[in-house]
file work-v2.txt (compact mmCIF, C-alpha atoms)
# COMPACT_ATOMS: atom_id res chain seq x y z
CA MET A 1 25.58 -33.65 39.15
CA LEU A 2 27.29 -30.80 37.33
CA PHE A 3 27.21 -29.41 33.81
CA GLN A 4 30.54 -28.65 32.13
CA VAL A 5 30.73 -25.47 30.06
CA THR A 6 32.89 -25.86 26.97
CA GLY A 7 34.21 -23.39 24.43
CA ASN A 8 36.30 -20.21 24.63
CA CYS A 9 33.43 -17.81 25.35
CA PRO A 10 32.61 -16.85 28.94
CA LEU A 11 28.95 -17.66 28.09
CA PRO A 12 27.87 -21.30 27.85
CA VAL A 13 28.08 -22.72 24.35
CA SER A 14 27.68 -26.44 25.00
CA TYR A 15 27.21 -28.80 27.90
CA ARG A 16 27.85 -32.37 28.90
CA LEU A 17 26.54 -34.18 31.97
CA LEU A 18 29.18 -35.03 34.55
CA SER A 19 29.16 -37.84 37.07
CA ALA A 20 29.43 -37.23 40.79
CA GLU A 21 33.04 -38.47 40.94
CA ASP A 22 33.99 -35.77 38.43
CA SER A 23 32.40 -33.02 40.50
CA GLY A 24 35.38 -32.01 42.63
CA PHE A 25 37.70 -31.83 39.65
CA MET A 26 35.32 -29.80 37.52
CA GLU A 27 34.45 -27.42 40.36
CA ALA A 28 38.13 -26.59 40.70
CA ARG A 29 38.38 -26.07 36.95
CA ALA A 30 35.24 -23.91 36.94
CA THR A 31 36.62 -21.72 39.73
CA GLN A 32 39.89 -21.41 37.84
CA THR A 33 38.13 -20.43 34.62
CA ALA A 34 35.83 -17.94 36.32
CA THR A 35 38.86 -16.29 37.89
CA ALA A 36 40.58 -16.04 34.53
CA VAL A 37 37.73 -14.31 32.70
CA GLY A 38 37.23 -11.49 35.16
CA THR A 39 37.97 -8.12 33.59
CA ASP A 40 37.70 -5.73 36.53
CA VAL A 41 40.66 -7.15 38.46
CA PRO A 42 44.31 -7.14 37.32
CA TRP A 43 45.27 -10.59 36.07
CA TYR A 44 47.93 -11.18 38.71
CA ARG A 45 45.36 -10.69 41.49
CA THR A 46 43.24 -13.52 40.13
CA VAL A 47 46.02 -16.09 40.64
CA THR A 48 45.84 -18.28 43.73
CA ARG A 49 48.69 -18.81 46.16
CA GLU A 50 49.00 -22.44 45.08
CA GLN A 51 49.28 -21.43 41.42
CA TRP A 52 52.05 -18.95 42.26
CA ARG A 53 53.90 -21.66 44.19
CA VAL A 54 53.72 -24.01 41.23
CA LEU A 55 55.01 -21.30 38.92
CA MET A 56 57.88 -20.41 41.25
CA ALA A 57 58.84 -24.07 41.60
CA ALA A 58 59.01 -24.49 37.82
CA LYS A 59 60.73 -21.13 37.27
CA PHE A 60 63.44 -21.60 39.89
CA GLY A 61 63.91 -25.23 38.91
CA TRP A 62 64.53 -24.13 35.33
CA MET A 63 66.79 -21.29 36.54
CA LEU A 64 68.97 -23.69 38.53
CA ASP A 65 68.94 -26.15 35.64
CA ALA A 66 70.26 -23.42 33.35
CA MET A 67 72.93 -22.45 35.84
CA ASP A 68 74.25 -26.00 36.09
CA PHE A 69 74.28 -26.46 32.32
CA MET A 70 75.90 -23.10 31.54
CA LEU A 71 78.67 -23.54 34.12
CA TYR A 72 80.37 -25.68 31.48
CA THR A 73 80.13 -23.07 28.75
CA VAL A 74 81.58 -20.30 30.92
CA ALA A 75 84.43 -22.61 31.99
CA VAL A 76 85.09 -24.15 28.58
CA GLN A 77 88.21 -22.07 27.86
CA GLN A 78 89.83 -23.17 31.13
CA LEU A 79 88.70 -26.77 30.56
CA ARG A 80 90.30 -26.75 27.09
CA ALA A 81 93.59 -25.64 28.59
CA TYR A 82 93.42 -28.09 31.51
CA PHE A 83 92.52 -31.20 29.51
CA GLY A 84 94.18 -30.13 26.26
CA PHE A 85 91.27 -30.57 23.83
CA GLY A 86 90.15 -28.42 20.90
CA ASP A 87 86.93 -26.80 19.78
CA ASP A 88 85.64 -30.00 18.23
CA VAL A 89 85.88 -31.92 21.52
CA ALA A 90 84.53 -28.93 23.46
CA GLY A 91 81.52 -28.86 21.15
CA MET A 92 81.14 -32.64 21.35
CA LEU A 93 80.89 -32.46 25.15
CA GLY A 94 78.12 -29.90 24.80
CA THR A 95 76.37 -32.01 22.18
CA VAL A 96 76.45 -35.10 24.41
CA THR A 97 74.82 -33.15 27.24
CA LEU A 98 72.08 -31.90 24.95
CA VAL A 99 71.48 -35.33 23.42
CA MET A 100 71.11 -36.82 26.87
CA SER A 101 68.77 -33.99 27.83
CA GLY A 102 66.53 -35.30 25.07
CA VAL A 103 66.72 -38.75 26.61
CA GLY A 104 65.94 -37.26 30.02
CA GLY A 105 62.97 -35.33 28.69
CA THR A 106 61.54 -38.48 27.14
CA ILE A 107 62.08 -40.59 30.26
CA PHE A 108 60.75 -38.04 32.72
CA GLY A 109 57.82 -37.11 30.54
CA TYR A 110 56.66 -40.69 31.08
CA VAL A 111 57.62 -40.56 34.77
CA ALA A 112 55.57 -37.38 35.19
CA ASP A 113 52.53 -39.04 33.62
CA ARG A 114 52.99 -42.22 35.67
CA PHE A 115 54.13 -40.97 39.09
CA GLY A 116 53.30 -37.26 39.15
CA ARG A 117 54.60 -33.93 37.86
CA THR A 118 55.97 -32.74 41.22
CA ARG A 119 57.82 -35.99 41.96
CA ALA A 120 59.41 -35.93 38.52
CA LEU A 121 60.44 -32.30 39.01
CA MET A 122 62.20 -33.06 42.30
CA ALA A 123 63.97 -36.11 40.87
CA THR A 124 65.37 -34.21 37.90
CA ILE A 125 66.70 -31.37 40.06
CA LEU A 126 68.51 -33.89 42.27
CA ILE A 127 70.02 -35.58 39.21
CA PHE A 128 71.52 -32.50 37.59
CA SER A 129 72.73 -31.14 40.95
CA LEU A 130 74.59 -34.33 41.86
CA ALA A 131 75.96 -34.60 38.33
CA SER A 132 77.53 -31.16 38.66
CA LEU A 133 79.14 -32.29 41.91
CA GLY A 134 80.50 -35.35 40.15
CA ALA A 135 81.84 -33.27 37.26
CA ALA A 136 83.93 -31.27 39.74
CA SER A 137 85.87 -34.45 40.55
CA SER A 138 86.67 -35.37 36.92
CA GLN A 139 90.23 -36.48 36.22
CA THR A 140 89.81 -37.28 32.51
CA VAL A 141 87.74 -36.06 29.59
CA ILE A 142 85.79 -39.35 29.64
CA GLN A 143 84.81 -38.82 33.27
CA LEU A 144 83.76 -35.27 32.50
CA LEU A 145 81.71 -36.52 29.55
CA LEU A 146 79.89 -39.12 31.66
CA TRP A 147 78.96 -36.63 34.38
CA ARG A 148 77.80 -34.08 31.83
CA ALA A 149 75.71 -36.77 30.15
CA LEU A 150 73.99 -37.50 33.47
CA LEU A 151 73.44 -33.77 33.99
CA GLY A 152 71.73 -33.68 30.59
CA ILE A 153 69.21 -36.32 31.69
CA GLY A 154 68.18 -34.15 34.63
CA MET A 155 68.14 -31.02 32.50
CA GLY A 156 65.73 -32.38 29.89
CA GLY A 157 63.51 -34.00 32.48
CA GLU A 158 63.14 -30.79 34.50
CA TRP A 159 61.64 -28.81 31.63
CA ALA A 160 59.25 -31.59 30.66
CA SER A 161 57.97 -31.85 34.24
CA GLY A 162 57.84 -28.15 35.07
CA ALA A 163 56.17 -26.93 31.88
CA VAL A 164 53.31 -29.43 32.14
CA LEU A 165 52.91 -28.66 35.85
CA VAL A 166 52.40 -24.96 35.09
CA SER A 167 50.18 -25.56 32.05
CA GLU A 168 47.82 -27.80 34.03
CA THR A 169 47.66 -25.56 37.09
CA TRP A 170 47.21 -22.06 35.64
CA PRO A 171 44.01 -20.82 33.93
CA ALA A 172 43.95 -21.11 30.15
CA ALA A 173 43.57 -17.34 29.72
CA LEU A 174 46.82 -16.74 31.63
CA ARG A 175 48.84 -19.65 30.27
CA ASN A 176 50.95 -17.57 27.86
CA LYS A 177 51.98 -15.23 30.67
CA ALA A 178 52.67 -18.06 33.11
CA ILE A 179 54.90 -19.97 30.70
CA SER A 180 56.78 -16.75 29.87
CA ILE A 181 57.48 -16.18 33.56
CA MET A 182 58.59 -19.79 33.99
CA GLN A 183 60.84 -19.75 30.93
CA SER A 184 62.54 -16.53 32.02
CA GLY A 185 64.25 -18.56 34.72
CA TRP A 186 66.74 -19.73 32.09
CA ALA A 187 68.15 -16.23 31.65
CA LEU A 188 68.56 -15.85 35.41
CA GLY A 189 70.37 -19.19 35.55
CA TYR A 190 72.70 -18.15 32.73
CA LEU A 191 73.39 -14.91 34.62
CA LEU A 192 74.20 -16.83 37.79
CA ALA A 193 76.60 -19.05 35.85
CA ALA A 194 78.31 -16.07 34.20
CA VAL A 195 78.69 -14.13 37.45
CA SER A 196 79.89 -17.23 39.31
CA GLY A 197 82.47 -17.84 36.59
CA ALA A 198 83.67 -14.24 36.66
CA LEU A 199 84.10 -14.38 40.44
CA ILE A 200 85.65 -17.86 40.69
CA LEU A 201 87.73 -18.47 37.56
CA GLY A 202 89.85 -15.36 38.12
CA VAL A 203 90.87 -16.26 41.69
CA PRO A 204 94.68 -16.88 41.64
CA ALA A 205 94.52 -19.39 44.47
CA PHE A 206 92.44 -21.75 42.33
CA GLY A 207 94.96 -21.69 39.47
CA ASN A 208 93.85 -23.67 36.43
CA GLU A 209 91.38 -25.71 38.51
CA GLY A 210 88.89 -22.95 39.22
CA TRP A 211 86.42 -24.90 37.10
CA ARG A 212 86.24 -27.54 39.86
CA VAL A 213 85.10 -24.93 42.37
CA LEU A 214 82.66 -23.59 39.80
CA PHE A 215 81.05 -27.00 39.30
CA LEU A 216 80.73 -27.39 43.08
CA VAL A 217 78.35 -24.40 43.01
CA GLY A 218 76.07 -26.58 40.88
CA VAL A 219 75.12 -28.81 43.81
CA ILE A 220 73.15 -25.99 45.50
CA PRO A 221 69.88 -26.67 43.57
CA ALA A 222 69.51 -30.02 45.35
CA PHE A 223 68.35 -28.19 48.47
CA PHE A 224 65.51 -26.55 46.52
CA THR A 225 63.72 -29.91 46.34
CA LEU A 226 62.97 -29.64 50.07
CA TRP A 227 60.81 -26.56 49.42
CA ILE A 228 59.06 -28.20 46.47
CA ARG A 229 58.22 -31.30 48.50
CA ARG A 230 56.62 -29.22 51.23
CA TYR A 231 54.73 -26.58 49.30
CA VAL A 232 53.92 -27.80 45.76
CA LYS A 233 51.04 -30.21 45.15
CA GLU A 234 50.22 -32.31 42.13
CA PRO A 235 47.77 -30.57 39.73
CA GLU A 236 44.11 -31.59 39.74
CA ALA A 237 44.36 -32.62 36.09
CA TRP A 238 46.85 -35.34 37.04
CA THR A 239 45.25 -36.50 40.29
CA HIS A 240 41.85 -36.73 38.57
CA ARG A 241 43.24 -38.79 35.69
CA ARG A 242 45.11 -41.05 38.13
CA ARG A 243 41.78 -42.19 39.57
CA SER A 244 40.68 -43.32 36.11
CA PRO A 245 41.58 -46.71 34.60
CA ARG A 246 44.99 -46.79 32.93
CA GLY A 247 45.01 -46.30 29.18
CA LYS A 248 47.35 -47.48 26.45
CA ASN A 249 51.10 -47.15 26.34
CA PRO A 250 51.63 -43.34 26.10
CA PHE A 251 54.40 -43.72 23.52
CA ALA A 252 52.09 -45.80 21.34
CA GLU A 253 49.52 -43.03 21.69
CA ILE A 254 51.75 -40.09 20.69
CA PHE A 255 53.18 -42.02 17.74
CA GLY A 256 49.83 -43.56 16.87
CA PRO A 257 47.68 -42.60 13.87
CA THR A 258 45.85 -39.78 15.70
CA LEU A 259 48.87 -37.88 17.06
CA ILE A 260 51.91 -38.92 15.01
CA ARG A 261 51.76 -36.02 12.52
CA ARG A 262 51.51 -33.55 15.38
CA THR A 263 54.38 -35.22 17.24
CA LEU A 264 56.69 -35.24 14.21
CA LEU A 265 56.01 -31.58 13.44
CA ILE A 266 56.80 -30.56 17.02
CA ILE A 267 60.05 -32.53 16.76
CA LEU A 268 60.97 -30.72 13.54
CA ILE A 269 60.21 -27.27 14.92
CA GLY A 270 62.08 -28.10 18.13
CA ALA A 271 65.10 -29.29 16.18
CA SER A 272 65.20 -26.07 14.16
CA VAL A 273 65.05 -23.69 17.11
CA GLN A 274 67.37 -25.80 19.26
CA PHE A 275 70.01 -25.93 16.53
CA ALA A 276 69.78 -22.18 16.08
CA ASN A 277 69.81 -21.43 19.79
CA TRP A 278 72.57 -23.78 20.87
CA GLY A 279 74.64 -22.89 17.85
CA VAL A 280 74.68 -19.32 19.13
CA PHE A 281 74.64 -19.46 22.91
CA PHE A 282 76.82 -22.48 23.55
CA TRP A 283 79.68 -20.72 21.77
CA LEU A 284 78.93 -17.16 22.85
CA PRO A 285 81.28 -17.19 25.90
CA ALA A 286 84.11 -18.60 23.77
CA PHE A 287 83.46 -16.06 21.00
CA LEU A 288 83.66 -13.17 23.46
CA ALA A 289 86.75 -14.54 25.23
CA ARG A 290 89.00 -15.39 22.29
CA PRO A 291 91.60 -13.10 20.74
CA ILE A 292 90.48 -11.23 17.64
CA GLU A 293 93.10 -12.98 15.50
CA GLN A 294 91.44 -16.30 16.40
CA GLY A 295 88.01 -15.10 15.31
CA GLY A 296 86.83 -13.97 18.74
CA ALA A 297 85.93 -10.64 20.31
CA GLY A 298 89.15 -10.36 22.34
CA MET A 299 87.59 -9.87 25.80
CA GLY A 300 89.55 -12.51 27.72
CA ILE A 301 88.11 -15.35 29.81
CA VAL A 302 87.04 -13.43 32.92
CA SER A 303 86.12 -10.09 31.32
CA SER A 304 84.01 -11.80 28.66
CA LEU A 305 81.74 -13.29 31.29
CA TRP A 306 80.64 -9.83 32.38
CA TRP A 307 79.75 -9.12 28.75
CA LEU A 308 77.23 -11.94 28.94
CA VAL A 309 75.22 -9.97 31.50
CA PRO A 310 73.56 -7.54 29.03
CA VAL A 311 72.80 -10.47 26.71
CA GLN A 312 70.99 -12.33 29.47
CA ILE A 313 69.18 -9.22 30.68
CA GLY A 314 67.82 -8.94 27.15
CA ALA A 315 66.92 -12.64 27.24
CA TYR A 316 65.08 -12.24 30.54
CA ILE A 317 63.00 -9.39 29.15
CA GLY A 318 62.41 -11.37 25.97
CA TYR A 319 61.09 -14.35 27.89
CA LEU A 320 58.81 -12.23 30.07
CA THR A 321 57.33 -10.11 27.29
CA PHE A 322 56.68 -12.93 24.82
CA GLY A 323 53.45 -13.97 26.55
CA PHE A 324 52.13 -10.42 26.62
CA ILE A 325 53.02 -9.86 22.94
CA ALA A 326 51.40 -13.21 22.09
CA ASP A 327 48.19 -12.13 23.82
CA LEU A 328 48.19 -8.93 21.73
CA ILE A 329 49.06 -10.15 18.23
CA GLY A 330 48.69 -13.91 18.43
CA ARG A 331 51.14 -16.54 19.64
CA ARG A 332 52.31 -17.80 16.25
CA GLN A 333 52.73 -14.24 14.96
CA ALA A 334 54.84 -13.36 18.01
CA PHE A 335 56.97 -16.45 17.41
CA VAL A 336 57.59 -15.48 13.78
CA LEU A 337 58.55 -11.95 14.86
CA TYR A 338 61.18 -13.31 17.24
CA MET A 339 62.48 -15.83 14.69
CA LEU A 340 63.00 -13.34 11.88
CA ALA A 341 64.55 -10.72 14.17
CA ALA A 342 66.99 -13.32 15.54
CA ALA A 343 67.91 -14.38 11.99
CA ILE A 344 68.95 -10.77 11.30
CA VAL A 345 70.61 -9.80 14.58
CA VAL A 346 72.79 -12.87 15.25
CA PRO A 347 74.95 -12.72 12.07
CA ILE A 348 75.51 -8.97 12.59
CA TYR A 349 76.60 -9.60 16.17
CA GLY A 350 79.03 -12.30 15.01
CA GLN A 351 80.76 -9.79 12.74
CA MET A 352 81.35 -7.25 15.51
CA ALA A 353 84.61 -8.76 16.84
CA GLY A 354 86.76 -5.95 18.22
CA ASN A 355 83.90 -3.43 18.28
CA ALA A 356 83.06 -3.26 21.98
CA THR A 357 80.40 -0.58 21.55
CA MET A 358 78.39 -2.55 19.00
CA LEU A 359 78.72 -5.76 21.02
CA LEU A 360 77.31 -3.92 24.01
CA VAL A 361 74.43 -2.43 22.00
CA LEU A 362 73.52 -5.61 20.12
CA GLY A 363 73.99 -7.99 23.07
CA PRO A 364 70.56 -7.37 24.65
CA LEU A 365 68.88 -7.72 21.24
CA VAL A 366 70.62 -11.05 20.64
CA GLY A 367 69.40 -12.25 24.03
CA TYR A 368 65.88 -10.86 23.56
CA PHE A 369 65.17 -12.37 20.16
CA GLY A 370 67.52 -15.36 20.40
CA TYR A 371 65.88 -16.71 23.56
CA GLY A 372 62.45 -15.16 24.18
CA TYR A 373 60.52 -17.39 21.77
CA PHE A 374 61.04 -20.42 24.02
CA SER A 375 58.24 -18.98 26.16
CA MET A 376 55.84 -20.29 23.54
CA PHE A 377 56.65 -23.99 23.79
CA GLY A 378 55.52 -24.89 27.31
CA GLY A 379 51.88 -23.97 26.73
CA PHE A 380 51.77 -24.51 22.96
CA VAL A 381 52.86 -28.14 23.11
CA ALA A 382 50.89 -28.99 26.26
CA GLU A 383 47.69 -27.88 24.51
CA LEU A 384 48.25 -30.37 21.69
CA TYR A 385 48.07 -33.53 23.84
CA PRO A 386 45.35 -35.05 26.08
CA ALA A 387 46.01 -35.28 29.82
CA ALA A 388 46.79 -39.02 29.86
CA VAL A 389 49.84 -38.57 27.61
CA ARG A 390 50.51 -34.84 28.01
CA ALA A 391 53.86 -34.99 29.81
CA THR A 392 55.02 -37.93 27.68
CA GLY A 393 54.02 -36.12 24.49
CA GLN A 394 55.54 -32.83 25.54
CA GLY A 395 58.73 -34.35 26.91
CA THR A 396 59.25 -36.73 23.99
CA SER A 397 58.43 -34.46 21.05
CA TYR A 398 60.26 -31.39 22.32
CA ASN A 399 63.29 -33.30 23.53
CA ILE A 400 63.77 -35.47 20.46
CA GLY A 401 63.88 -32.11 18.67
CA ARG A 402 66.47 -31.01 21.19
CA MET A 403 68.52 -34.15 20.46
CA ALA A 404 68.48 -33.35 16.75
CA GLY A 405 69.41 -29.72 17.41
CA ALA A 406 72.15 -30.85 19.77
CA ILE A 407 74.56 -31.28 16.88
CA ALA A 408 74.87 -27.49 16.75
CA PRO A 409 77.70 -27.09 19.32
CA TYR A 410 79.77 -29.73 17.54
CA THR A 411 78.88 -28.37 14.07
CA ILE A 412 79.86 -24.79 14.91
CA GLY A 413 83.06 -25.90 16.63
CA ALA A 414 83.99 -28.23 13.76
CA LEU A 415 83.35 -25.54 11.13
CA ALA A 416 85.47 -23.04 13.03
CA THR A 417 88.28 -25.59 13.44
CA THR A 418 88.20 -27.17 9.98
CA PHE A 419 87.86 -24.02 7.89
CA GLY A 420 89.56 -21.57 10.23
CA ILE A 421 86.67 -19.12 9.85
CA GLY A 422 86.32 -18.22 13.52
CA ILE A 423 83.34 -18.72 15.82
CA GLY A 424 81.75 -15.37 14.88
CA VAL A 425 81.42 -16.29 11.20
CA ALA A 426 80.26 -19.83 11.96
CA LEU A 427 77.36 -18.44 14.01
CA SER A 428 75.80 -17.03 10.84
CA ILE A 429 74.58 -20.43 9.69
CA THR A 430 72.04 -20.46 12.53
CA SER A 431 69.94 -17.85 10.69
CA ALA A 432 68.64 -20.46 8.25
CA PHE A 433 67.22 -22.50 11.12
CA PHE A 434 65.49 -19.49 12.68
CA VAL A 435 63.75 -18.86 9.33
CA LEU A 436 62.83 -22.55 8.94
CA ALA A 437 61.15 -22.58 12.36
CA ALA A 438 59.18 -19.44 11.45
CA LEU A 439 57.71 -21.27 8.46
CA LEU A 440 57.03 -24.55 10.27
CA ILE A 441 55.03 -23.02 13.11
CA PHE A 442 52.00 -22.59 10.82
CA THR A 443 51.75 -26.36 10.30
CA LEU A 444 50.36 -26.83 13.82
CA PRO A 445 47.10 -25.54 15.36
CA ASP A 446 47.25 -22.75 17.94
CA ARG A 447 44.92 -23.39 20.88
CA SER A 448 45.97 -20.41 22.95
CA GLY A 449 43.43 -19.54 25.63
CA GLN A 450 41.54 -22.83 25.33
CA ALA A 451 41.09 -25.29 28.18
CA LEU A 452 43.44 -28.24 28.13
CA GLU A 453 42.00 -31.47 26.75
CA ALA A 454 41.04 -33.88 29.52

call {"tool": "encode", "arguments": {"input": "work-v2.txt", "output": "structure tokens"}}
result
Amino acid sequence: MLFQVTGNCPLPVSYRLLSAEDSGFMEARATQTATAVGTDVPWYRTVTREQWRVLMAAKFGWMLDAMDFMLYTVAVQQLRAYFGFGDDVAGMLGTVTLVMSGVGGTIFGYVADRFGRTRALMATILIFSLASLGAASSQTVIQLLLWRALLGIGMGGEWASGAVLVSETWPAALRNKAISIMQSGWALGYLLAAVSGALILGVPAFGNEGWRVLFLVGVIPAFFTLWIRRYVKEPEAWTHRRRSPRGKNPFAEIFGPTLIRRTLLIILIGASVQFANWGVFFWLPAFLARPIEQGGAGMGIVSSLWWLVPVQIGAYIGYLTFGFIADLIGRRQAFVLYMLAAAIVVPIYGQMAGNATMLLVLGPLVGYFGYGYFSMFGGFVAELYPAAVRATGQGTSYNIGRMAGAIAPYTIGALATTFGIGIGVALSITSAFFVLAALLIFTLPDRSGQALEA
């Protein structure tokens, strides 16, 4: 028999008697906790090899997910010319992908709870990789839309699976840092998409079909699943729960009387930040590429992609440092800092068309504050749900918010088209949603550093 120590303090504050069948699970958790509270050893030396493998699987999965999604945004100018559609249709295609990512997150949150986090992660990577391959063969806008919709399902499911996998595997005291490292994969994926576009779209031999070659690059992530299958195990939290009798329908649980308020608030916060984020970064390549007289920055299609590099370097640093800042000043306070800074920087950046120096200076700040706060969500949301419905709750609440925020690409494109105000000006409306999210975050409890609920 074992006694479980509960509470945040390294010293025992309360105990409950555990049965013998719980012993193995709790011993692993006790070892993990003891490792986390040591103060004489640097934090990164306390992490086991298995925990690093889990983190790398989630990080690189998210990186490759980002690459496949952003290949469309870096190619959108060439796609507009090839298929002959306007900003409204271009934005609609992006919105469809994001809406379906919400569907994918909901589906694969349940799959991760039912069949395992690692299995769900591999399945989602295969889906968005094969969807990118299919998109390369598109002959009509409808075909392109269908393949991008399928890609969205994989995209949303990957985050729901990977974030829970990391949250359940890493010690509570290191969860903020781990999620920050995982989330930073998005910036690397965006960079890969931008560099791939710059190298491929400008090749004369490809003509106006360079986008097909670009989408073919998106099939590469499928091979990453081979590594995951061999080296990444299911977390103890899931395997332990699997041995227990099955509970209620997880969707009935997260929308039941105990959790529904929490679920709805996460949806609202997710919708606010997703609208703000996608309103900015979906249209950023187009803003940089377009002529100044059309409301853009006048960089041209290929040159503009290199201008995305400093933005994504800033984003990468923003993702990585969020967890450390959260540990210093508090996670909600760090989130508010990022939100308010983004609300200020983004409109200024949108007014800098034609000013290459200011675009270069402000670009890393836009990336840092406009992206880095996403490092909060993986751990923050996971801590608000019990193990039996954790992936379902995280995947559903966050991704329904993503579906609501998915109207941003269409909204920005429609505003720019209807009122002729240019993409740069239209980006300014995202500031209101950054501020709204900063206010809403205080409606939910912050359980940073606490053990996940069993």

call {"tool": "residues_near_point", "arguments": {"input": "work-v2.txt", "point": "(69.2, -22.9, 38.8)", "cutoff": "12 Å", "atoms": "all atoms listed in the file", "output": "MDAnalysis selection string"}}
result
chainID A and resid 56:71 124:126 128:129 132 155 158:159 183:193 217:225

call {"tool": "closest_atom_pairs", "arguments": {"input": "work-v2.txt", "of": "region 380-430 of chain A", "to": "region 85-106 of chain A", "cutoff": "6 Å", "atoms": "all atoms listed in the file", "output": "Markdown table"}}
result
| residue | atom | partner | partner_atom | distance |
| --- | --- | --- | --- | --- |
| A:Gly395 | CA | A:Gly105 | CA | 4.7 |
| A:Thr396 | CA | A:Thr106 | CA | 4.3 |
| A:Asn399 | CA | A:Gly102 | CA | 4.1 |
| A:Ile400 | CA | A:Gly102 | CA | 5.4 |
| A:Arg402 | CA | A:Gly102 | CA | 5.8 |
| A:Met403 | CA | A:Val99 | CA | 4.3 |
| A:Ala406 | CA | A:Thr95 | CA | 5.0 |
| A:Ile407 | CA | A:Thr95 | CA | 5.6 |
| A:Pro409 | CA | A:Gly91 | CA | 4.6 |
| A:Tyr410 | CA | A:Gly91 | CA | 4.1 |
| A:Gly413 | CA | A:Asp87 | CA | 5.1 |
| A:Ala414 | CA | A:Asp88 | CA | 5.1 |

call {"tool": "residues_near_point", "arguments": {"input": "work-v2.txt", "point": "(63.3, -15.1, 25.4)", "cutoff": "6 Å", "atoms": "all atoms listed in the file", "output": "JSON, numbers by chain"}}
result
{"A": [315, 318, 319, 368, 371, 372, 373, 374]}

call {"tool": "write_last_selection", "arguments": {"input": "work-v2.txt", "atoms": "C-alpha atoms", "output": "compact mmCIF listing (two decimals), keeping the file's coordinate frame"}}
result
# COMPACT_ATOMS: atom_id res chain seq x y z
CA ALA A 315 66.92 -12.64 27.24
CA GLY A 318 62.41 -11.37 25.97
CA TYR A 319 61.09 -14.35 27.89
CA TYR A 368 65.88 -10.86 23.56
CA TYR A 371 65.88 -16.71 23.56
CA GLY A 372 62.45 -15.16 24.18
CA TYR A 373 60.52 -17.39 21.77
CA PHE A 374 61.04 -20.42 24.02

call {"tool": "atom_distance", "arguments": {"input": "work-v2.txt", "atom1": "CA of Ala438 (chain A)", "atom2": "CA of Ile269 (chain A)"}}
result
8.6 Å

call {"tool": "closest_atom_pairs", "arguments": {"input": "work-v2.txt", "of": "region 295-339 of chain A", "to": "region 357-363 of chain A", "cutoff": "9 Å", "atoms": "all atoms listed in the file", "output": "tab-separated table"}}
result
residue	atom	partner	partner_atom	distance
A:Ala297	CA	A:Leu359	CA	8.7
A:Trp307	CA	A:Leu360	CA	7.4
A:Leu308	CA	A:Gly363	CA	7.8
A:Val309	CA	A:Gly363	CA	8.7
A:Pro310	CA	A:Gly363	CA	6.0
A:Val311	CA	A:Gly363	CA	4.6
A:Gln312	CA	A:Gly363	CA	8.3
A:Gly314	CA	A:Gly363	CA	7.5

call {"tool": "write_last_selection", "arguments": {"input": "work-v2.txt", "atoms": "C-alpha atoms", "output": "short mmCIF file (atom, residue, chain, number, x, y, z; two decimals), in the frame of the given file"}}
result
data_model
loop_
_atom_site.label_atom_id
_atom_site.label_comp_id
_atom_site.auth_asym_id
_atom_site.auth_seq_id
_atom_site.Cartn_x
_atom_site.Cartn_y
_atom_site.Cartn_z
CA ALA A 297 85.93 -10.64 20.31
CA TRP A 307 79.75 -9.12 28.75
CA LEU A 308 77.23 -11.94 28.94
CA VAL A 309 75.22 -9.97 31.50
CA PRO A 310 73.56 -7.54 29.03
CA VAL A 311 72.80 -10.47 26.71
CA GLN A 312 70.99 -12.33 29.47
CA GLY A 314 67.82 -8.94 27.15
#

call {"tool": "residues_around", "arguments": {"input": "work-v2.txt", "residues": "Gly210 (chain A)", "least_positions_apart": "3", "cutoff": "9 Å", "atoms": "only C-alpha atoms", "output": "ChimeraX atom specification"}}
result
/A:75,78,197,200-207,213-215

call {"tool": "closest_residue", "arguments": {"input": "work-v2.txt", "among": "A:Gly256, A:Gly350, A:Gly323, A:Pro235", "to": "Glu50 (chain A)", "atoms": "all atoms listed in the file"}}
result
A:Pro235

call {"tool": "atom_distance", "arguments": {"input": "work-v2.txt", "atom1": "CA of Ala163 (chain A)", "atom2": "CA of Ala408 (chain A)"}}
result
24.1 Å

call {"tool": "atom_distance", "arguments": {"input": "work-v2.txt", "atom1": "CA of Ile325 (chain A)", "atom2": "CA of Asn176 (chain A)"}}
result
9.4 Å

call {"tool": "closest_atom_pairs", "arguments": {"input": "work-v2.txt", "of": "region 106-168 of chain A", "to": "region 382-394 of chain A", "cutoff": "12 Å", "atoms": "all atoms listed in the file", "output": "tab-separated table"}}
result
residue	atom	partner	partner_atom	distance
A:Thr106	CA	A:Thr392	CA	6.6
A:Ile107	CA	A:Thr392	CA	8.0
A:Phe108	CA	A:Thr392	CA	7.6
A:Gly109	CA	A:Thr392	CA	4.1
A:Tyr110	CA	A:Thr392	CA	4.7
A:Val111	CA	A:Thr392	CA	8.0
A:Ala112	CA	A:Ala391	CA	6.1
A:Asp113	CA	A:Ala391	CA	5.7
A:Arg114	CA	A:Ala388	CA	9.1
A:Phe115	CA	A:Ala391	CA	11.0
A:Gly116	CA	A:Ala391	CA	9.6
A:Arg117	CA	A:Ala391	CA	8.2
A:Thr118	CA	A:Ala391	CA	11.8
A:Ala120	CA	A:Ala391	CA	10.4
A:Leu121	CA	A:Ala391	CA	11.6
A:Gly156	CA	A:Gln394	CA	11.1
A:Gly157	CA	A:Ala391	CA	10.1
A:Glu158	CA	A:Ala391	CA	11.2
A:Trp159	CA	A:Gln394	CA	9.5
A:Ala160	CA	A:Ala391	CA	6.4
A:Ser161	CA	A:Ala391	CA	6.8
A:Gly162	CA	A:Ala391	CA	9.5
A:Ala163	CA	A:Ala382	CA	8.0
A:Val164	CA	A:Ala391	CA	6.1
A:Leu165	CA	A:Ala391	CA	8.8
A:Val166	CA	A:Ala382	CA	9.8
A:Ser167	CA	A:Ala382	CA	6.8
A:Glu168	CA	A:Ala382	CA	8.4
